[in-house]
Amino acid sequence: MINIIIVSEKMAKPKTLGIFESLGMVLALILVPVVLTLLFITPQQVIKTQGVKAILPPHLRGAMLSTQSHLDAYAKQIGELQARILRLDAQNQRLSKLAGIKSSAEPINERTSVNEVIGQGGPLVKDAPLTEEDLRTTIEQMSADLDFRDEYQGKIEAKLLLKSVLSEMLPNSSPVDAAYSSSSYGWRIDPMSGHRAFHEGLDFPAASGTPVYAAADGIVSTAAQTSDYGNLLKIDHGSGLETRYAHNSRLLVKAGERVIKGQKVALIGSTGRSTGPHLHYEIRLNGNPLDPREYLRNHS
């Protein structure tokens with residue numbers, strides 16, 4: 001145990017410092033000379049250009065640089081999200097006009113934040129940089145805005161396709177006699193990695209062996225086993241339209257076969273990257289995923 005006793009002519013009696021006060025004084029006596037020494041041996045020009053970081057130990061300096069790099073990464077991500085939002089808004093406005101949707105239904109009037117639309121200003125008072133938590137919250141909000149715009153664009157695409165010459169060949173019937181998971185298309189937490197990932201189809205949970213049906217007339221382009229999709233079936237419906245049926249326990253048709261709408265083409269299973277028996281169903285146009293919910297709703 002350390003006790004420091006201070007004696008002075010001005011004091012009526014000696015003063016004994018406690019353990020915490022004693023430790024604080026010892027640390028001060030050790031650190032002050034170290035800092036002064038660093039100040040003297042560190043070139044003044046380096047201190048002017050690098051500031052306090054110049055006299056910090058390497059591990060503390062590295063921690064500061066690491067924190068700054070995290071903030072820079074967040075700021076870059078925000079910039080990329082802002083650019084994507086602006087591009088989506090421009091695309092959605094053009095698609096809305098083609099689909100005959102009133103401008104009041106466009107996302108810029110529903111979810112666009114005030115900072116993106118309305119001019120603002122005023123004197124700068126108590127300015128402070130954004131914290132890491134502030135940046136993370138901003139990114140989460142902007143990601144939600146992007147999700148909304150993606151969903152809105154899917155609705156417009158569906159309306160345009162239903163009005164187009166492709167309407168007769170659209171895969172608009174359910175591929176299985178079971179309900180789909182309504183939130184499975186779009187951004188979600190991946191059930192295996194635990195990370196946020198985009199899910200390009202609908203999941204229909206059902207018992208193994210449940211029949212899978214062709215959603216529209218077409219020709220089987222792929223009937224094979226893959227690592228991610230498991231036993232995968234692809235049906236080409238023409239003009240770039242394609243449906244995919246994944247994780248099957250068994251495929252009942254082969255590549256090159258012509259199938260008709262409602263024909264039994266596979267049996268549900270849990271092959272490939274799957275946590276349990278279900279059908280993973282996709283609709284694609286020229287390789288790009290479409291939201292199958294929009295086509296099932298328009299058919300019902």
# chains A, B, ... in the order shown; residues from 1 in each chain; ligands from 1
call {"tool": "residues_around", "arguments": {"residues": "range 221-233 of chain A", "least_positions_apart": "4", "cutoff": "7 Å", "atoms": "only C-alpha atoms", "output": "PyMOL selection string"}}
result
chain A and resi 244-250+254-256+271-273
call {"tool": "atom_distance", "arguments": {"atom1": "CA of His278 in chain A", "atom2": "CA of Met169 in chain A"}}
result
25.4 Å
call {"tool": "closest_atom_pairs", "arguments": {"of": "range 133-205 of chain A", "to": "range 76-87 of chain A", "cutoff": "7 Å", "atoms": "only C-alpha atoms", "output": "JSON lines"}}
result
{"residue": "A:Ile139", "atom": "CA", "partner": "A:Ile78", "partner_atom": "CA", "distance": 6.1}
{"residue": "A:Met142", "atom": "CA", "partner": "A:Leu81", "partner_atom": "CA", "distance": 6.7}
{"residue": "A:Leu146", "atom": "CA", "partner": "A:Ile85", "partner_atom": "CA", "distance": 6.2}
call {"tool": "write_last_selection", "arguments": {"atoms": "C-alpha atoms", "output": "compact mmCIF listing (two decimals), in the first residue's frame"}}
result
# COMPACT_ATOMS: atom_id res chain seq x y z
CA ILE A 139 -27.01 4.77 -43.81
CA MET A 142 -31.05 5.67 -46.75
CA LEU A 146 -33.64 2.48 -51.42
call {"tool": "select_by_dssp", "arguments": {"residues": "range 144-272 of chain A", "states": "strand (DSSP E)", "output": "ChimeraX atom specification"}}
result
/A:186-189,196-199,202-205,211-213,218-226,230-238,241-251,258-259,264-268
call {"tool": "closest_residue", "arguments": {"among": "A:Phe204, A:Tyr213, A:Tyr295, A:Phe198", "to": "Tyr185 in chain A", "atoms": "only C-alpha atoms"}}
result
A:Phe198
call {"tool": "closest_residue", "arguments": {"among": "A:Gly238, A:Pro211, A:Gly218, A:Pro292", "to": "Val259 in chain A", "atoms": "only C-alpha atoms"}}
result
A:Gly218
call {"tool": "closest_residue", "arguments": {"among": "A:Ile189, A:Leu285, A:Leu251, A:Leu279", "to": "Ala266 in chain A", "atoms": "only C-alpha atoms"}}
result
A:Leu251
call {"tool": "atom_distance", "arguments": {"atom1": "CA of Gly209 in chain A", "atom2": "CA of Ser274 in chain A"}}
result
15.4 Å
call {"tool": "closest_residue", "arguments": {"among": "A:Ile219, A:Leu252, A:Ala206, A:Val212", "to": "His237 in chain A", "atoms": "only C-alpha atoms"}}
result
A:Ile219
